[in-house]
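Undergrad: What follows is final-v3.pdb, PDB, C-alpha atoms.
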```pdb
ATOM      1  CA  MET I   6      84.223  62.345 179.604  1.00  0.00           C
ATOM      2  CA  ASN I   7      82.669  63.132 176.226  1.00  0.00           C
ATOM      3  CA  ILE I   8      85.246  62.810 173.432  1.00  0.00           C
ATOM      4  CA  LYS I   9      84.050  64.100 170.067  1.00  0.00           C
ATOM      5  CA  ILE I  10      85.620  62.753 166.864  1.00  0.00           C
ATOM      6  CA  ARG I  11      85.426  64.779 163.664  1.00  0.00           C
ATOM      7  CA  LYS I  12      87.099  65.023 160.280  1.00  0.00           C
ATOM      8  CA  ALA I  13      89.930  67.508 160.059  1.00  0.00           C
ATOM      9  CA  GLU I  14      89.594  70.686 158.010  1.00  0.00           C
ATOM     10  CA  ALA I  15      92.151  72.994 156.425  1.00  0.00           C
ATOM     11  CA  LYS I  16      91.864  75.334 159.425  1.00  0.00           C
ATOM     12  CA  ASP I  17      93.256  72.524 161.618  1.00  0.00           C
ATOM     13  CA  ALA I  18      96.638  72.690 159.847  1.00  0.00           C
ATOM     14  CA  PRO I  19      98.518  74.202 162.850  1.00  0.00           C
ATOM     15  CA  PHE I  20      97.310  71.451 165.206  1.00  0.00           C
ATOM     16  CA  LEU I  21      97.974  68.718 162.641  1.00  0.00           C
ATOM     17  CA  ALA I  22     101.498  70.050 162.137  1.00  0.00           C
ATOM     18  CA  GLU I  23     102.108  69.921 165.889  1.00  0.00           C
ATOM     19  CA  MET I  24     100.906  66.308 166.127  1.00  0.00           C
ATOM     20  CA  ILE I  25     102.846  65.191 163.018  1.00  0.00           C
ATOM     21  CA  LEU I  26     106.063  66.629 164.425  1.00  0.00           C
ATOM     22  CA  GLN I  27     105.416  65.055 167.836  1.00  0.00           C
ATOM     23  CA  SER I  28     104.738  61.688 166.190  1.00  0.00           C
ATOM     24  CA  THR I  29     107.777  61.650 163.917  1.00  0.00           C
ATOM     25  CA  ARG I  30     110.180  62.702 166.651  1.00  0.00           C
ATOM     26  CA  ALA I  31     108.739  60.180 169.130  1.00  0.00           C
ATOM     27  CA  GLY I  32     111.267  60.934 171.830  1.00  0.00           C
ATOM     28  CA  LYS I  33     114.182  61.257 169.403  1.00  0.00           C
ATOM     29  CA  LYS I  34     116.237  64.424 169.029  1.00  0.00           C
ATOM     30  CA  GLY I  35     115.187  64.653 165.394  1.00  0.00           C
ATOM     31  CA  GLY I  36     112.669  62.899 163.168  1.00  0.00           C
ATOM     32  CA  ILE I  37     112.140  62.505 159.437  1.00  0.00           C
ATOM     33  CA  PHE I  38     110.930  66.090 158.968  1.00  0.00           C
ATOM     34  CA  ASP I  39     113.981  67.517 160.728  1.00  0.00           C
ATOM     35  CA  MET I  40     115.939  65.658 158.032  1.00  0.00           C
ATOM     36  CA  ILE I  41     113.659  66.513 155.110  1.00  0.00           C
ATOM     37  CA  PHE I  42     113.526  70.233 155.928  1.00  0.00           C
ATOM     38  CA  GLU I  43     117.193  70.291 156.979  1.00  0.00           C
ATOM     39  CA  THR I  44     116.570  72.154 160.227  1.00  0.00           C
ATOM     40  CA  ASN I  45     115.799  71.532 163.890  1.00  0.00           C
ATOM     41  CA  ASP I  46     113.983  74.847 164.260  1.00  0.00           C
ATOM     42  CA  ASP I  47     110.488  73.954 165.475  1.00  0.00           C
ATOM     43  CA  ALA I  48     108.823  77.109 164.150  1.00  0.00           C
ATOM     44  CA  GLU I  49     110.206  76.574 160.641  1.00  0.00           C
ATOM     45  CA  ILE I  50     109.316  72.875 160.566  1.00  0.00           C
ATOM     46  CA  LEU I  51     105.791  73.525 161.852  1.00  0.00           C
ATOM     47  CA  LYS I  52     105.215  76.203 159.212  1.00  0.00           C
ATOM     48  CA  LYS I  53     106.245  73.787 156.448  1.00  0.00           C
ATOM     49  CA  LEU I  54     104.172  70.957 157.923  1.00  0.00           C
ATOM     50  CA  GLU I  55     101.132  73.242 157.959  1.00  0.00           C
ATOM     51  CA  ALA I  56     101.661  73.830 154.243  1.00  0.00           C
ATOM     52  CA  LEU I  57     102.169  70.103 153.661  1.00  0.00           C
ATOM     53  CA  THR I  58      98.740  69.295 155.111  1.00  0.00           C
ATOM     54  CA  CYS I  59      97.075  71.567 152.548  1.00  0.00           C
ATOM     55  CA  THR I  60      98.840  70.783 149.266  1.00  0.00           C
ATOM     56  CA  GLU I  61      97.116  70.020 145.972  1.00  0.00           C
ATOM     57  CA  ALA I  62      99.041  66.741 145.885  1.00  0.00           C
ATOM     58  CA  LYS I  63      97.066  64.380 148.124  1.00  0.00           C
ATOM     59  CA  ASN I  64     100.015  63.151 150.189  1.00  0.00           C
ATOM     60  CA  HIS I  65      99.544  61.050 153.323  1.00  0.00           C
ATOM     61  CA  CYS I  66      99.914  64.161 155.540  1.00  0.00           C
ATOM     62  CA  HIS I  67      96.951  65.889 153.863  1.00  0.00           C
ATOM     63  CA  PHE I  68      94.264  67.131 156.252  1.00  0.00           C
ATOM     64  CA  ASN I  69      91.603  65.089 154.428  1.00  0.00           C
ATOM     65  CA  ASN I  70      93.206  61.930 155.847  1.00  0.00           C
ATOM     66  CA  PHE I  71      92.900  62.984 159.489  1.00  0.00           C
ATOM     67  CA  LEU I  72      90.405  62.592 162.274  1.00  0.00           C
ATOM     68  CA  ILE I  73      90.633  64.932 165.254  1.00  0.00           C
ATOM     69  CA  ALA I  74      89.540  64.193 168.802  1.00  0.00           C
ATOM     70  CA  GLU I  75      88.039  67.059 170.784  1.00  0.00           C
ATOM     71  CA  LEU I  76      87.436  67.373 174.500  1.00  0.00           C
ATOM     72  CA  ASP I  77      85.574  70.429 175.819  1.00  0.00           C
ATOM     73  CA  GLU I  78      85.952  71.948 172.319  1.00  0.00           C
ATOM     74  CA  GLN I  79      89.734  71.606 172.483  1.00  0.00           C
ATOM     75  CA  SER I  80      91.659  69.552 169.928  1.00  0.00           C
ATOM     76  CA  VAL I  81      93.479  66.846 171.891  1.00  0.00           C
ATOM     77  CA  GLY I  82      94.431  64.080 169.442  1.00  0.00           C
ATOM     78  CA  THR I  83      94.801  62.934 165.844  1.00  0.00           C
ATOM     79  CA  LEU I  84      94.772  59.791 163.741  1.00  0.00           C
ATOM     80  CA  CYS I  85      95.618  59.686 160.045  1.00  0.00           C
ATOM     81  CA  SER I  86      94.345  56.961 157.726  1.00  0.00           C
ATOM     82  CA  TYR I  87      95.286  56.819 154.059  1.00  0.00           C
ATOM     83  CA  GLU I  88      95.184  54.540 151.052  1.00  0.00           C
ATOM     84  CA  PRO I  89      98.650  53.537 149.769  1.00  0.00           C
ATOM     85  CA  ARG I  90      97.352  53.451 146.179  1.00  0.00           C
ATOM     86  CA  ILE I  91      96.520  57.170 146.426  1.00  0.00           C
ATOM     87  CA  ALA I  92      99.073  58.555 148.894  1.00  0.00           C
ATOM     88  CA  THR I  93     102.140  57.158 147.160  1.00  0.00           C
ATOM     89  CA  HIS I  94     105.839  58.004 147.427  1.00  0.00           C
ATOM     90  CA  LYS I  95     105.353  60.131 144.300  1.00  0.00           C
ATOM     91  CA  THR I  96     102.505  62.202 145.741  1.00  0.00           C
ATOM     92  CA  PHE I  97     104.574  62.841 148.873  1.00  0.00           C
ATOM     93  CA  ARG I  98     107.523  63.975 146.759  1.00  0.00           C
ATOM     94  CA  ASP I  99     105.216  66.165 144.628  1.00  0.00           C
ATOM     95  CA  ALA I 100     103.778  67.738 147.790  1.00  0.00           C
ATOM     96  CA  LEU I 101     107.264  68.506 149.108  1.00  0.00           C
ATOM     97  CA  TYR I 102     108.157  70.181 145.796  1.00  0.00           C
ATOM     98  CA  GLU I 103     104.880  72.098 146.003  1.00  0.00           C
ATOM     99  CA  ILE I 104     105.819  73.674 149.338  1.00  0.00           C
ATOM    100  CA  GLY I 105     109.238  74.710 148.076  1.00  0.00           C
ATOM    101  CA  CYS I 106     111.597  71.794 148.700  1.00  0.00           C
ATOM    102  CA  SER I 107     114.346  71.368 146.110  1.00  0.00           C
ATOM    103  CA  GLU I 108     115.327  68.134 144.393  1.00  0.00           C
ATOM    104  CA  SER I 109     117.931  67.602 147.112  1.00  0.00           C
ATOM    105  CA  VAL I 110     115.041  66.326 149.252  1.00  0.00           C
ATOM    106  CA  ASN I 111     115.341  63.059 147.305  1.00  0.00           C
ATOM    107  CA  GLU I 112     118.516  62.256 149.233  1.00  0.00           C
ATOM    108  CA  SER I 113     116.572  62.337 152.501  1.00  0.00           C
ATOM    109  CA  LEU I 114     113.688  60.381 150.996  1.00  0.00           C
ATOM    110  CA  LYS I 115     116.086  57.667 149.817  1.00  0.00           C
ATOM    111  CA  ILE I 116     117.284  57.126 153.399  1.00  0.00           C
ATOM    112  CA  ILE I 117     113.679  56.897 154.590  1.00  0.00           C
ATOM    113  CA  TYR I 118     112.453  54.674 151.765  1.00  0.00           C
ATOM    114  CA  ASP I 119     115.432  52.334 151.986  1.00  0.00           C
ATOM    115  CA  CYS I 120     113.789  51.146 155.211  1.00  0.00           C
ATOM    116  CA  ASP I 121     110.290  50.638 153.890  1.00  0.00           C
ATOM    117  CA  PHE I 122     107.752  47.854 153.354  1.00  0.00           C
ATOM    118  CA  GLU I 123     105.967  46.913 150.159  1.00  0.00           C
ATOM    119  CA  LEU I 124     102.406  47.776 151.107  1.00  0.00           C
ATOM    120  CA  ASN I 125      99.276  46.022 149.895  1.00  0.00           C
ATOM    121  CA  ASN I 126      97.054  48.534 148.094  1.00  0.00           C
ATOM    122  CA  ARG I 127      93.987  46.785 149.501  1.00  0.00           C
ATOM    123  CA  THR I 128      94.888  47.779 153.048  1.00  0.00           C
ATOM    124  CA  LEU I 129      94.340  51.022 154.912  1.00  0.00           C
ATOM    125  CA  MET I 130      97.359  52.611 156.604  1.00  0.00           C
ATOM    126  CA  PHE I 131      97.227  54.342 159.981  1.00  0.00           C
ATOM    127  CA  ASP I 132      99.743  56.994 161.008  1.00  0.00           C
ATOM    128  CA  PHE I 133     100.241  59.972 163.349  1.00  0.00           C
ATOM    129  CA  MET I 134      98.175  58.512 166.201  1.00  0.00           C
ATOM    130  CA  GLU I 135      98.928  61.153 168.804  1.00  0.00           C
ATOM    131  CA  GLU I 136      97.424  62.872 171.821  1.00  0.00           C
ATOM    132  CA  LYS I 137      98.365  66.116 173.504  1.00  0.00           C
ATOM    133  CA  LYS I 138     100.315  66.005 176.725  1.00  0.00           C
ATOM    134  CA  GLY I 139      97.927  66.221 179.622  1.00  0.00           C
ATOM    135  CA  PHE I 140      95.316  64.063 177.883  1.00  0.00           C
ATOM    136  CA  ILE I 141      97.100  60.705 177.945  1.00  0.00           C
ATOM    137  CA  ASP I 142      95.068  57.674 179.028  1.00  0.00           C
ATOM    138  CA  VAL I 143      91.685  59.406 178.969  1.00  0.00           C
ATOM    139  CA  GLY I 144      90.470  57.350 175.991  1.00  0.00           C
ATOM    140  CA  VAL I 145      91.409  59.747 173.175  1.00  0.00           C
ATOM    141  CA  LEU I 146      93.384  57.266 171.054  1.00  0.00           C
ATOM    142  CA  LYS I 147      90.902  54.431 171.564  1.00  0.00           C
ATOM    143  CA  ALA I 148      88.031  56.672 170.430  1.00  0.00           C
ATOM    144  CA  LEU I 149      89.984  57.757 167.354  1.00  0.00           C
ATOM    145  CA  MET I 150      90.816  54.170 166.423  1.00  0.00           C
ATOM    146  CA  GLN I 151      87.230  52.942 166.892  1.00  0.00           C
ATOM    147  CA  LYS I 152      85.917  55.684 164.613  1.00  0.00           C
ATOM    148  CA  SER I 153      88.641  55.036 162.014  1.00  0.00           C
ATOM    149  CA  LEU I 154      87.949  51.296 161.903  1.00  0.00           C
ATOM    150  CA  LEU I 155      84.210  51.920 161.551  1.00  0.00           C
ATOM    151  CA  THR I 156      84.853  54.277 158.621  1.00  0.00           C
ATOM    152  CA  ALA I 157      87.261  51.741 157.083  1.00  0.00           C
ATOM    153  CA  ARG I 158      84.610  49.006 157.227  1.00  0.00           C
ATOM    154  CA  LEU I 159      82.118  51.266 155.479  1.00  0.00           C
ATOM    155  CA  LYS I 160      84.692  51.809 152.709  1.00  0.00           C
ATOM    156  CA  GLY I 161      85.065  48.049 152.287  1.00  0.00           C
ATOM    157  CA  TYR I 162      88.439  47.596 153.972  1.00  0.00           C
ATOM    158  CA  ARG I 163      89.083  44.522 156.089  1.00  0.00           C
ATOM    159  CA  ILE I 164      92.782  44.977 156.906  1.00  0.00           C
ATOM    160  CA  ALA I 165      94.505  47.986 158.467  1.00  0.00           C
ATOM    161  CA  GLN I 166      98.249  48.383 158.943  1.00  0.00           C
ATOM    162  CA  THR I 167     100.650  50.748 160.657  1.00  0.00           C
ATOM    163  CA  ILE I 168     104.418  51.172 160.840  1.00  0.00           C
ATOM    164  CA  VAL I 169     106.268  51.939 164.065  1.00  0.00           C
ATOM    165  CA  GLU I 170     109.927  52.113 164.974  1.00  0.00           C
ATOM    166  CA  ILE I 171     111.717  49.136 166.473  1.00  0.00           C
ATOM    167  CA  GLY I 172     112.075  49.854 170.182  1.00  0.00           C
ATOM    168  CA  SER I 173     108.937  52.026 170.425  1.00  0.00           C
ATOM    169  CA  MET I 174     107.502  49.674 173.027  1.00  0.00           C
ATOM    170  CA  ASP I 175     104.706  51.970 174.230  1.00  0.00           C
ATOM    171  CA  ASN I 176     103.348  52.376 170.690  1.00  0.00           C
ATOM    172  CA  ILE I 177     103.691  48.674 169.901  1.00  0.00           C
ATOM    173  CA  LEU I 178     101.953  47.631 173.131  1.00  0.00           C
ATOM    174  CA  PHE I 179      99.128  50.090 172.541  1.00  0.00           C
ATOM    175  CA  TYR I 180      98.523  48.826 169.004  1.00  0.00           C
ATOM    176  CA  LYS I 181      98.594  45.229 170.257  1.00  0.00           C
ATOM    177  CA  LYS I 182      95.918  46.107 172.826  1.00  0.00           C
ATOM    178  CA  LEU I 183      93.828  47.320 169.880  1.00  0.00           C
ATOM    179  CA  GLY I 184      94.214  43.957 168.150  1.00  0.00           C
ATOM    180  CA  PHE I 185      97.229  44.573 165.926  1.00  0.00           C
ATOM    181  CA  HIS I 186      99.920  41.919 165.467  1.00  0.00           C
ATOM    182  CA  LYS I 187     103.442  42.041 164.047  1.00  0.00           C
ATOM    183  CA  VAL I 188     103.667  41.138 160.364  1.00  0.00           C
ATOM    184  CA  LYS I 189     107.267  41.978 159.541  1.00  0.00           C
ATOM    185  CA  GLU I 190     110.324  43.682 160.975  1.00  0.00           C
ATOM    186  CA  MET I 191     113.050  45.430 158.988  1.00  0.00           C
ATOM    187  CA  GLU I 192     116.415  46.533 160.350  1.00  0.00           C
ATOM    188  CA  CYS I 193     118.255  49.248 158.404  1.00  0.00           C
ATOM    189  CA  GLU I 194     121.743  50.589 159.044  1.00  0.00           C
ATOM    190  CA  SER I 195     121.048  53.943 157.360  1.00  0.00           C
ATOM    191  CA  TYR I 196     117.903  54.449 159.451  1.00  0.00           C
ATOM    192  CA  LYS I 197     119.797  53.598 162.639  1.00  0.00           C
ATOM    193  CA  GLU I 198     122.614  55.959 161.675  1.00  0.00           C
ATOM    194  CA  HIS I 199     120.288  58.933 161.189  1.00  0.00           C
ATOM    195  CA  PHE I 200     117.552  58.295 163.761  1.00  0.00           C
ATOM    196  CA  GLY I 201     119.134  56.045 166.371  1.00  0.00           C
ATOM    197  CA  ARG I 202     116.480  53.338 165.907  1.00  0.00           C
ATOM    198  CA  ALA I 203     117.277  49.916 164.445  1.00  0.00           C
ATOM    199  CA  GLY I 204     114.492  50.031 161.876  1.00  0.00           C
ATOM    200  CA  LEU I 205     110.751  49.583 161.510  1.00  0.00           C
ATOM    201  CA  VAL I 206     107.974  47.135 162.422  1.00  0.00           C
ATOM    202  CA  LEU I 207     104.863  46.538 160.297  1.00  0.00           C
ATOM    203  CA  LEU I 208     101.727  45.792 162.328  1.00  0.00           C
ATOM    204  CA  ALA I 209      98.297  44.770 161.035  1.00  0.00           C
ATOM    205  CA  THR I 210      94.772  44.019 162.200  1.00  0.00           C
ATOM    206  CA  GLU I 211      91.841  42.348 160.462  1.00  0.00           C
ATOM    207  CA  PHE I 212      88.306  43.495 161.210  1.00  0.00           C
TER     208      PHE I 212
END
```
Before we go any further, please render this structure as structure tokens.
TA:
Amino acid sequence: MNIKIRKAEAKDAPFLAEMILQSTRAGKKGGIFDMIFETNDDAEILKKLEALTCTEAKNHCHFNNFLIAELDEQSVGTLCSYEPRIATHKTFRDALYEIGCSESVNESLKIIYDCDFELNNRTLMFDFMEEKKGFIDVGVLKALMQKSLLTARLKGYRIAQTIVEIGSMDNILFYKKLGFHKVKEMECESYKEHFGRAGLVLLATEF
């Protein structure tokens, strides 16, 4: 099975939006973008996520940060990698303003950032590692990760990190199979109240 990995382009915004929403919900009734956009309407959220991937502000959801896996010329998976020194909390907030969010979005961001880790700017962050239903366990995620780590090495990075929710055992086990280990765990009452998960886990790998 020949999986092709390529850099995302602006035209991929609809697929990226779909994978971002799938990733942030992760089996929950609502994820962070349901909260940020104050709606559970999929069509509305997807439209705003499409815009978010193409903003002038280089937030972590920007299409430039994504790799896409293709199988038989069909997009089947994504992996985002970004530099915390560039894709900061401020650039994310600026991007949300850019697509029309009001200052009230800061209330949602406070809940999210209250359960957050202080990231090392010399690391590369991975996020939105997702595959389409029907393509699970065919090697999509492994191919995306191998390509991302190769690119990271060429950029001079030696440590990569990712953040997953406490209790997301499938995600944690998959990352551990790829060589990641737990660095820190943070439990947050506000996060649990809004998302039903106890908090977050920071995982890292050295390469």
Undergrad: I need the residue nearest Glu55 of chain I from this list: I:Phe97, I:Phe20, I:Phe122, I:Phe212. Use only C-alpha atoms for the distance.
TA: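 Among the listed residues, I:Phe20 lies closest to Glu55 of chain I.
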Undergrad: When the PyMOL selection byres ((chain I and resi 157-161) around 10) is applied to the structure above, which residues does it catch, written out as a PyMOL selection string?
TA: chain I and resi 86-87+127-129+151-156+162-165+212
Undergrad: Can you pull out every residue within 10 Å of Arg98 of chain I, counting all atoms listed in the file, but drop anything in the same chain fewer than 6 positions away, and send it as a PyMOL selection string?
TA: chain I and resi 62+64+106+108+110-111+114
Undergrad: Restricted to C-alpha atoms, what would the selected residues look like written as a PDB file, in the coordinates of the input?
TA:
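Below is the file part_26.pdb, written as the result:
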```
ATOM      1  CA  ALA I  62      99.041  66.741 145.885  1.00  0.00           C
ATOM      2  CA  ASN I  64     100.015  63.151 150.189  1.00  0.00           C
ATOM      3  CA  CYS I 106     111.597  71.794 148.700  1.00  0.00           C
ATOM      4  CA  GLU I 108     115.327  68.134 144.393  1.00  0.00           C
ATOM      5  CA  VAL I 110     115.041  66.326 149.252  1.00  0.00           C
ATOM      6  CA  ASN I 111     115.341  63.059 147.305  1.00  0.00           C
ATOM      7  CA  LEU I 114     113.688  60.381 150.996  1.00  0.00           C
TER       8      LEU I 114
END
```
Undergrad: Might you spell out which residues the PyMOL selection byres ((chain I and resi 73) around 8) would select in the displayed file, as a ChimeraX atom specification?
TA: /I:10-13,71-72,74-75,80-84,149
Undergrad: Counting only C-alpha atoms, figure out which residue out of I:Lys181, I:Lys16, I:Glu123, I:Glu103 gets nearest to Ala209 of chain I.
TA: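 Nearest to Ala209 of chain I: I:Lys181.
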Undergrad: Which residue, I:Gln79, I:Gln166, I:Thr210, I:Thr96, has the smallest gap to Ile8 of chain I when you use all atoms listed in the file?
TA: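 Residue with the minimum atom-to-atom distance to Ile8 of chain I: I:Gln79.
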Undergrad: Any idea what the distance is between atom CA of Arg90 of chain I and atom CA of Asn125 of chain I?
TA: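 Atom CA of Arg90 of chain I sits 8.5 Å away from atom CA of Asn125 of chain I.
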Undergrad: Which one is closest to Pro89 of chain I: I:Met130, I:Leu183, I:Ile104, I:Met150? Count all atoms listed in the file.
TA: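 Of the candidates, the smallest distance to Pro89 of chain I is held by I:Met130.
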Undergrad: The PyMOL selection byres ((chain I and resi 119) around 10) on the file shown: which residues, as a VMD selection string?
TA: chain I and resid 114 to 118 120 to 122 193 to 196
Undergrad: Could you work out how far atom CA of Lys138 of chain I lies from atom CA of Ser173 of chain I, giving the answer in Å with one decimal?
TA: 17.6 Å
Undergrad: So which one's closest to Thr29 of chain I, I:Ala92, I:Leu178, I:Ala203, I:Ile50? Using all atoms listed in the file, please.
TA: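 Among I:Ala92, I:Leu178, I:Ala203, I:Ile50, it is I:Ile50 that comes nearest to Thr29 of chain I.
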Undergrad: Using all atoms listed in the file, find the one residue out of I:Met40, I:Lys33, I:Gly201, I:Phe185 that sits nearest to Glu112 of chain I.
TA: I:Met40
Undergrad: Box for segment 49-57 of chain I: with edges along x, y and z, all listed atoms inside and 8 Å added on each side, what are the centre and edge lengths in Å to one decimal, as JSON?
TA:
```
{"center_x": 105.7, "center_y": 73.3, "center_z": 157.8, "size_x": 25.1, "size_y": 22.5, "size_z": 24.2}
```
Undergrad: Give me the residues near Leu208 of chain I as JSON, numbers by chain, where near means some atom within 7 Å (using only C-alpha atoms) and where sequence neighbours in that chain fewer than 2 positions away do not count.
TA: {"I": [166, 167, 168, 185, 186, 187, 188, 206]}
Undergrad: Those residues with C-alpha atoms, as a PDB file, in the frame of the given file please?
TA:
```
ATOM      1  CA  GLN I 166      98.249  48.383 158.943  1.00  0.00           C
ATOM      2  CA  THR I 167     100.650  50.748 160.657  1.00  0.00           C
ATOM      3  CA  ILE I 168     104.418  51.172 160.840  1.00  0.00           C
ATOM      4  CA  PHE I 185      97.229  44.573 165.926  1.00  0.00           C
ATOM      5  CA  HIS I 186      99.920  41.919 165.467  1.00  0.00           C
ATOM      6  CA  LYS I 187     103.442  42.041 164.047  1.00  0.00           C
ATOM      7  CA  VAL I 188     103.667  41.138 160.364  1.00  0.00           C
ATOM      8  CA  VAL I 206     107.974  47.135 162.422  1.00  0.00           C
TER       9      VAL I 206
END
```
Undergrad: Distance cut-off 12 Å, centre (105.0, 76.6, 158.6) in file coordinates, counting all atoms listed in the file: which residues qualify? Return them as a VMD selection string.
TA: chain I and resid 18 to 23 26 42 46 to 59 104 to 105
Undergrad: Separation of atom CA of Asp132 of chain I and atom CA of Asp17 of chain I, in Å?
TA: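 According to the coordinates, atom CA of Asp132 of chain I and atom CA of Asp17 of chain I are separated by 16.8 Å.
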Undergrad: Around (108.4, 60.5, 159.9) in the file's frame, which residues reach within 10 Å when counting all atoms listed in the file? Return as an MDAnalysis selection string?
TA: chainID I and resid 25:31 35:41 117 132:133 169:170
